[in-house]
Amino acid sequence: MIREQLKSAQVEAMKGGDKERLAAVRLILAKLKDRDIELRTASNVPDDDTVVVEVLQKMAKQRRESIEMFQNGGRDELAAKEQAELDVIDSFLPAQLSEEETKAAIEAIKAEVGAASVKDMGRVMAALKERHGSMIDMSKASGLVKAALI
């Protein structure tokens, strides 16, 4: 589903003459093709939307880190370029859970697996990623899980 949306967005950007969006969509499609090549030798291949969401989340994380570094370095024009790419990437990601919804999911999983201390963080994170991986930024969720287990 998401892959078709990307391909149609590429065509729309070409027809509309939106060069920045077109470049970002082409970049996403190139990363997906790289990931597809990596998965050719994999023993178990996840479904297509899962692969696409993983690639998009990784790209979004890279853009956020780059934006922060560029802003700290006083390179606002490069930060703006990265932000434009991030906006395109975010438009294809599934809706993210709010912080309150994430905390509620963490509490439910914590109660379910019987997590009591930071030692159980791995089990909680694994269950969280399995159930809500496409809807949660796992780097932010890590801090929330740690705070819930302290």
# chains A, B, ... in the order shown; residues from 1 in each chain; ligands from 1

$ residues_around --residues "A:Ala84" --least-positions-apart "2" --cutoff "12 Å" --atoms "only C-alpha atoms" --output "MDAnalysis selection string"
chainID A and resid 19:25 60 63:64 67 77:82 86:91

$ residues_around --residues "A:Val118" --least-positions-apart "5" --cutoff "12 Å" --atoms "only C-alpha atoms" --output "ChimeraX atom specification"
/A:110,123-125,142-150

$ write_last_selection --atoms "all heavy atoms" --output "mmCIF file, in the first residue's frame"
data_model
loop_
_atom_site.group_PDB
_atom_site.id
_atom_site.type_symbol
_atom_site.label_atom_id
_atom_site.label_comp_id
_atom_site.auth_asym_id
_atom_site.auth_seq_id
_atom_site.Cartn_x
_atom_site.Cartn_y
_atom_site.Cartn_z
ATOM 1 N N LYS A 110 3.728 -3.301 30.441
ATOM 2 C CA LYS A 110 4.452 -3.466 31.705
ATOM 3 C C LYS A 110 3.662 -4.378 32.647
ATOM 4 O O LYS A 110 4.220 -5.285 33.253
ATOM 5 C CB LYS A 110 4.677 -2.084 32.333
ATOM 6 C CG LYS A 110 5.490 -2.068 33.587
ATOM 7 C CD LYS A 110 5.714 -0.618 34.027
ATOM 8 C CE LYS A 110 5.532 -0.491 35.506
ATOM 9 N NZ LYS A 110 5.672 0.864 36.003
ATOM 10 N N ARG A 123 12.350 -6.683 27.631
ATOM 11 C CA ARG A 123 11.091 -7.390 27.350
ATOM 12 C C ARG A 123 9.978 -6.413 27.002
ATOM 13 O O ARG A 123 9.191 -6.650 26.086
ATOM 14 C CB ARG A 123 10.671 -8.242 28.545
ATOM 15 C CG ARG A 123 11.601 -9.400 28.801
ATOM 16 C CD ARG A 123 11.080 -10.342 29.836
ATOM 17 N NE ARG A 123 10.490 -9.610 30.967
ATOM 18 C CZ ARG A 123 9.906 -10.183 31.990
ATOM 19 N NH1 ARG A 123 9.821 -11.473 32.060
ATOM 20 N NH2 ARG A 123 9.397 -9.450 32.964
ATOM 21 N N VAL A 124 9.910 -5.308 27.729
ATOM 22 C CA VAL A 124 8.875 -4.303 27.468
ATOM 23 C C VAL A 124 9.090 -3.674 26.090
ATOM 24 O O VAL A 124 8.149 -3.519 25.309
ATOM 25 C CB VAL A 124 8.857 -3.221 28.573
ATOM 26 C CG1 VAL A 124 7.875 -2.120 28.233
ATOM 27 C CG2 VAL A 124 8.509 -3.844 29.927
ATOM 28 N N MET A 125 10.341 -3.332 25.782
ATOM 29 C CA MET A 125 10.642 -2.720 24.473
ATOM 30 C C MET A 125 10.325 -3.680 23.333
ATOM 31 O O MET A 125 9.788 -3.282 22.295
ATOM 32 C CB MET A 125 12.115 -2.289 24.405
ATOM 33 C CG MET A 125 12.447 -1.080 25.232
ATOM 34 S SD MET A 125 11.640 0.437 24.694
ATOM 35 C CE MET A 125 12.447 0.716 23.132
ATOM 36 N N SER A 142 11.929 4.582 24.197
ATOM 37 C CA SER A 142 12.947 4.032 25.092
ATOM 38 C C SER A 142 13.038 4.845 26.384
ATOM 39 O O SER A 142 13.067 4.282 27.486
ATOM 40 C CB SER A 142 14.302 4.016 24.383
ATOM 41 O OG SER A 142 15.317 3.659 25.262
ATOM 42 N N GLY A 143 13.051 6.153 26.260
ATOM 43 C CA GLY A 143 13.094 7.021 27.437
ATOM 44 C C GLY A 143 11.845 6.898 28.284
ATOM 45 O O GLY A 143 11.906 6.902 29.518
ATOM 46 N N LEU A 144 10.693 6.766 27.622
ATOM 47 C CA LEU A 144 9.433 6.640 28.361
ATOM 48 C C LEU A 144 9.376 5.311 29.112
ATOM 49 O O LEU A 144 8.883 5.241 30.243
ATOM 50 C CB LEU A 144 8.249 6.768 27.398
ATOM 51 C CG LEU A 144 8.065 8.119 26.740
ATOM 52 C CD1 LEU A 144 6.935 8.076 25.700
ATOM 53 C CD2 LEU A 144 7.769 9.200 27.774
ATOM 54 N N VAL A 145 9.873 4.235 28.475
ATOM 55 C CA VAL A 145 9.886 2.920 29.128
ATOM 56 C C VAL A 145 10.805 2.970 30.344
ATOM 57 O O VAL A 145 10.449 2.487 31.419
ATOM 58 C CB VAL A 145 10.319 1.808 28.144
ATOM 59 C CG1 VAL A 145 10.583 0.503 28.879
ATOM 60 C CG2 VAL A 145 9.262 1.614 27.073
ATOM 61 N N LYS A 146 11.971 3.557 30.164
ATOM 62 C CA LYS A 146 12.921 3.652 31.269
ATOM 63 C C LYS A 146 12.325 4.423 32.435
ATOM 64 O O LYS A 146 12.437 4.029 33.586
ATOM 65 C CB LYS A 146 14.215 4.295 30.792
ATOM 66 C CG LYS A 146 15.352 4.196 31.764
ATOM 67 C CD LYS A 146 16.645 4.664 31.139
ATOM 68 C CE LYS A 146 17.807 4.387 32.057
ATOM 69 N NZ LYS A 146 19.080 4.746 31.443
ATOM 70 N N ALA A 147 11.657 5.538 32.124
ATOM 71 C CA ALA A 147 11.030 6.345 33.176
ATOM 72 C C ALA A 147 9.916 5.569 33.877
ATOM 73 O O ALA A 147 9.733 5.689 35.095
ATOM 74 C CB ALA A 147 10.473 7.623 32.577
ATOM 75 N N ALA A 148 9.185 4.746 33.133
ATOM 76 C CA ALA A 148 8.094 3.977 33.728
ATOM 77 C C ALA A 148 8.608 2.856 34.621
ATOM 78 O O ALA A 148 7.907 2.432 35.537
ATOM 79 C CB ALA A 148 7.213 3.390 32.614
ATOM 80 N N LEU A 149 9.822 2.379 34.356
ATOM 81 C CA LEU A 149 10.356 1.268 35.128
ATOM 82 C C LEU A 149 11.225 1.682 36.305
ATOM 83 O O LEU A 149 11.651 0.850 37.090
ATOM 84 C CB LEU A 149 11.164 0.338 34.202
ATOM 85 C CG LEU A 149 10.334 -0.422 33.171
ATOM 86 C CD1 LEU A 149 11.233 -1.171 32.221
ATOM 87 C CD2 LEU A 149 9.350 -1.365 33.830
ATOM 88 N N ILE A 150 11.486 2.964 36.439
ATOM 89 C CA ILE A 150 12.331 3.415 37.555
ATOM 90 C C ILE A 150 11.508 3.589 38.810
ATOM 91 O O ILE A 150 10.407 3.982 38.816
ATOM 92 C CB ILE A 150 13.071 4.737 37.198
ATOM 93 C CG1 ILE A 150 14.080 4.429 36.119
ATOM 94 C CG2 ILE A 150 13.718 5.343 38.406
ATOM 95 C CD1 ILE A 150 14.842 5.633 35.630
#

$ closest_residue --among "A:Val51, A:Asp18, A:Ala13, A:Ala141" --to "A:Asp34" --atoms "only C-alpha atoms"
A:Val51

$ closest_residue --among "A:Leu128, A:Ala42, A:Met135, A:Ala111" --to "A:Ser98" --atoms "only C-alpha atoms"
A:Met135
